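**Student:** For reference, the structure I am asking about is given below.
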Amino acid sequence: MCLACSEIPAATIKLLATAAALLYGQRALASKSNKWIRYITLAVTIIISILLSAIAVFLLVLTVNPEFRARNFVNICMKSALKATPLDEHRCSVLEQGHIAGKVLEFGPGPGTNFKCYQNMTSASLIEKYVAVEPNSYFEEKLVAEKEARGLVFPLEFVGLKGESVDIADQGTYDVVVLTHVLCSVDSAELVLANAEKALKPGGRIVFLEHVLAPEGSALHYFQTQFVAPVLYIVGNGCKFQKLHEVVESYLGDRFDVQVEDFDAPMPAFMMFARPHIKGIAVKKEM
């Protein structure tokens, strides 16, 4: 039995199969064409096949090498997450509505993407403690650097664990829990929400912004699940398309006052698959 074969992602197999099919199809069609057309189509087919094969191998390397995958994800985030984008209007708006102050816990802060919003928020000066739960240790240095670059002075504690695994020592004392583009990549969104609930004091707030699965039956849903999902899971370090609107409301609904808004995020054309989003605030009820 091939033990290594189980590590080969479906996306790699599909890309290699497509490259082979292109070469075979070109060979069959070119026999009926003139010489110059055969040369041109052969050259184009070879280039496309090499490109597909290179992507397939890259995805395979990311799959079998967790350290390389983690570093690659950091590089992707550093190139895009810290720059100003049209999505910042929604990001900063929901964070400001959530009044980020007091004791704050953020799951999956990455390189400090939300810090650019705090820079212009008066409530940020009232942050007493900021705990960042992030399993990718390569983000720690970037997170500290971004905090300093934005002129933020609150004390920052980095916890290198998954959101599902973290042990909240001072349960029931946090004012705010921040979840932005993190529930898509955790093993269990419910467990992360459970830890967020444990951390919060009565009246505390969960502030969230997440991309979600498009409505079933839509063309975008098909594109997300059939084409993007297998690649995004590898390149995005476990990111998945989920019905997070339903997850948030069903898990928190009876113990929180939940406000969720669906919206189409202003994403660039090459990321149109991530336009369906939710944002909102869940306030823990007094029990």
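Ligands are numbered from 1 in the order shown, chains are lettered A, B, ... in the order of the structure tokens, and residues start at 1 in each chain.
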Which residues are near stretch 230-241 of chain A? Cut-off 9 Å, only C-alpha atoms, ignore same chain within fewer than 5 positions. Put them as a compact mmCIF listing (two decimals) with C-alpha atoms, in the first residue's frame.
**Tutor:**
# COMPACT_ATOMS: atom_id res chain seq x y z
CA PRO A 9 -4.19 16.41 -2.36
CA ALA A 10 -7.07 15.99 -4.81
CA ALA A 11 -6.21 19.38 -6.33
CA THR A 12 -2.74 18.12 -7.30
CA LEU A 59 0.31 22.38 -3.64
CA LEU A 60 1.80 18.97 -2.92
CA LEU A 62 2.56 22.73 0.90
CA THR A 63 0.54 19.67 1.90
CA ARG A 69 2.87 25.94 4.48
CA ALA A 70 2.84 28.04 7.64
CA ASN A 72 3.95 30.66 2.98
CA PHE A 73 0.66 31.66 4.60
CA ILE A 76 0.57 35.82 1.67
CA VAL A 182 -10.63 33.01 11.44
CA LEU A 183 -13.67 30.74 11.85
CA CYS A 184 -13.23 29.56 8.26
CA SER A 185 -9.89 27.92 9.09
CA VAL A 186 -10.45 26.37 12.53
CA ASP A 187 -11.23 22.69 13.04
CA HIS A 211 -16.38 35.11 4.54
CA VAL A 212 -19.03 32.44 4.03
CA LEU A 213 -20.42 29.87 1.63
CA ALA A 214 -22.55 31.31 -1.16
CA GLN A 224 -16.45 27.88 -4.48
CA THR A 225 -16.96 24.20 -3.72
CA ALA A 274 -14.87 35.46 -1.23
**Student:** Restrict the calculation to only C-alpha atoms, then for each residue of stretch 247-279 of chain A with any atom at most 9 Å from an atom of stretch 190-194 of chain A give the closest atom pair and their distance in Å to one decimal, rows by chain and rising residue number, as JSON lines.
**Tutor:**
{"residue": "A:Val247", "atom": "CA", "partner": "A:Glu190", "partner_atom": "CA", "distance": 7.3}
{"residue": "A:Val248", "atom": "CA", "partner": "A:Leu193", "partner_atom": "CA", "distance": 8.0}
{"residue": "A:Tyr251", "atom": "CA", "partner": "A:Glu190", "partner_atom": "CA", "distance": 6.8}
{"residue": "A:Leu252", "atom": "CA", "partner": "A:Leu193", "partner_atom": "CA", "distance": 7.9}
**Student:** Write a file of the selected residues as a short mmCIF file (atom, residue, chain, number, x, y, z; two decimals), in the first residue's frame, keeping all heavy atoms.
**Tutor:**
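Once written, result_33.cif looks like this:
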data_model
loop_
_atom_site.label_atom_id
_atom_site.label_comp_id
_atom_site.auth_asym_id
_atom_site.auth_seq_id
_atom_site.Cartn_x
_atom_site.Cartn_y
_atom_site.Cartn_z
N VAL A 247 -24.09 28.91 11.87
CA VAL A 247 -23.31 28.43 13.00
C VAL A 247 -23.35 29.42 14.16
O VAL A 247 -23.59 29.06 15.31
CB VAL A 247 -21.84 28.17 12.58
CG1 VAL A 247 -20.97 27.87 13.80
CG2 VAL A 247 -21.76 27.02 11.59
N VAL A 248 -23.12 30.70 13.84
CA VAL A 248 -23.10 31.73 14.88
C VAL A 248 -24.45 31.86 15.56
O VAL A 248 -24.56 31.87 16.79
CB VAL A 248 -22.66 33.09 14.28
CG1 VAL A 248 -22.87 34.21 15.29
CG2 VAL A 248 -21.21 33.04 13.85
N TYR A 251 -25.46 28.53 17.57
CA TYR A 251 -24.67 28.23 18.76
C TYR A 251 -24.84 29.29 19.85
O TYR A 251 -24.93 28.96 21.04
CB TYR A 251 -23.18 28.09 18.42
CG TYR A 251 -22.38 27.62 19.62
CD1 TYR A 251 -22.33 26.28 19.96
CD2 TYR A 251 -21.73 28.54 20.44
CE1 TYR A 251 -21.64 25.85 21.09
CE2 TYR A 251 -21.03 28.12 21.56
CZ TYR A 251 -20.98 26.77 21.88
OH TYR A 251 -20.31 26.36 23.00
N LEU A 252 -24.90 30.55 19.47
CA LEU A 252 -24.93 31.63 20.46
C LEU A 252 -26.33 32.15 20.74
O LEU A 252 -26.54 32.86 21.73
CB LEU A 252 -24.06 32.80 19.98
CG LEU A 252 -22.57 32.54 19.78
CD1 LEU A 252 -21.89 33.80 19.25
CD2 LEU A 252 -21.90 32.08 21.07
#
**Student:** Measuring between only C-alpha atoms, which one of A:Ile100, A:Val74, A:Leu16, A:Leu23 shows the shortest distance to A:Ile55?
**Tutor:**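 Answer, going by the shortest atom-to-atom distance: A:Leu16.
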**Student:** For stretch 255-272 of chain A, find every residue with an atom within 9 Å (counting only C-alpha atoms), except residues of its own chain fewer than 4 positions away, and show them as a ChimeraX atom specification.
**Tutor:** /A:85-87,90,203,205,208,211,220,245,248-249,251,276-287
**Student:** Applying 12 Å and only C-alpha atoms, which residues near A:Ala149 remain after dropping the ones on its own chain fewer than 5 positions away? List them as a PDB file with C-alpha atoms, in the first residue's frame.
**Tutor:**
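Writing done, so here's around.pdb:
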ATOM      1  CA  LEU A  82      -1.759  45.029   6.152  1.00  0.00           C
ATOM      2  CA  PRO A 111      -0.027  39.749  11.303  1.00  0.00           C
ATOM      3  CA  GLY A 112      -2.276  42.259  13.092  1.00  0.00           C
ATOM      4  CA  PHE A 115      -4.518  47.050  14.135  1.00  0.00           C
ATOM      5  CA  LYS A 116      -4.908  49.482  11.237  1.00  0.00           C
ATOM      6  CA  TYR A 118      -7.467  50.471  16.099  1.00  0.00           C
ATOM      7  CA  GLN A 119      -5.024  53.169  15.047  1.00  0.00           C
ATOM      8  CA  LYS A 142       4.946  40.364  12.561  1.00  0.00           C
ATOM      9  CA  LEU A 143       2.165  41.031  15.060  1.00  0.00           C
ATOM     10  CA  VAL A 144       4.449  42.870  17.472  1.00  0.00           C
TER      11      VAL A 144
END
**Student:** Report the residues of stretch 226-259 of chain A whose backbone DSSP state falls under strand (DSSP E or B), written as an MDAnalysis selection string.
**Tutor:** chainID A and resid 256:259
**Student:** Output N, CA, C and O atoms for every residue in the selection just made, as a PDB file, in the first residue's frame.
**Tutor:**
ATOM      1  N   PHE A 256     -26.854  34.769  23.841  1.00  0.00           N
ATOM      2  CA  PHE A 256     -26.329  36.048  23.359  1.00  0.00           C
ATOM      3  C   PHE A 256     -27.416  36.786  22.593  1.00  0.00           C
ATOM      4  O   PHE A 256     -28.313  36.169  22.006  1.00  0.00           O
ATOM      5  N   ASP A 257     -27.335  38.093  22.600  1.00  0.00           N
ATOM      6  CA  ASP A 257     -28.108  38.912  21.672  1.00  0.00           C
ATOM      7  C   ASP A 257     -27.257  39.066  20.418  1.00  0.00           C
ATOM      8  O   ASP A 257     -26.230  39.751  20.437  1.00  0.00           O
ATOM      9  N   VAL A 258     -27.672  38.392  19.350  1.00  0.00           N
ATOM     10  CA  VAL A 258     -26.840  38.287  18.154  1.00  0.00           C
ATOM     11  C   VAL A 258     -27.403  39.150  17.030  1.00  0.00           C
ATOM     12  O   VAL A 258     -28.591  39.063  16.694  1.00  0.00           O
ATOM     13  N   GLN A 259     -26.560  39.974  16.457  1.00  0.00           N
ATOM     14  CA  GLN A 259     -26.899  40.762  15.276  1.00  0.00           C
ATOM     15  C   GLN A 259     -25.936  40.362  14.157  1.00  0.00           C
ATOM     16  O   GLN A 259     -24.721  40.552  14.289  1.00  0.00           O
TER      17      GLN A 259
END
**Student:** Excluding same-chain residues fewer than 4 positions from A:Glu128, what lies within 9 Å of it counting only C-alpha atoms, as a PyMOL selection string?
**Tutor:** chain A and resi 101-104+154-155
**Student:** So how many Å separate atom CA of A:Pro202 and atom CA of A:Ala169, to one decimal?
**Tutor:**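 These atoms are spaced 16.8 Å apart.
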**Student:** Find, counting only C-alpha atoms, the residue in A:Ala199, A:Ala189, A:Ile46, A:Ile8 that gets nearest to A:Tyr24.
**Tutor:** A:Ile46
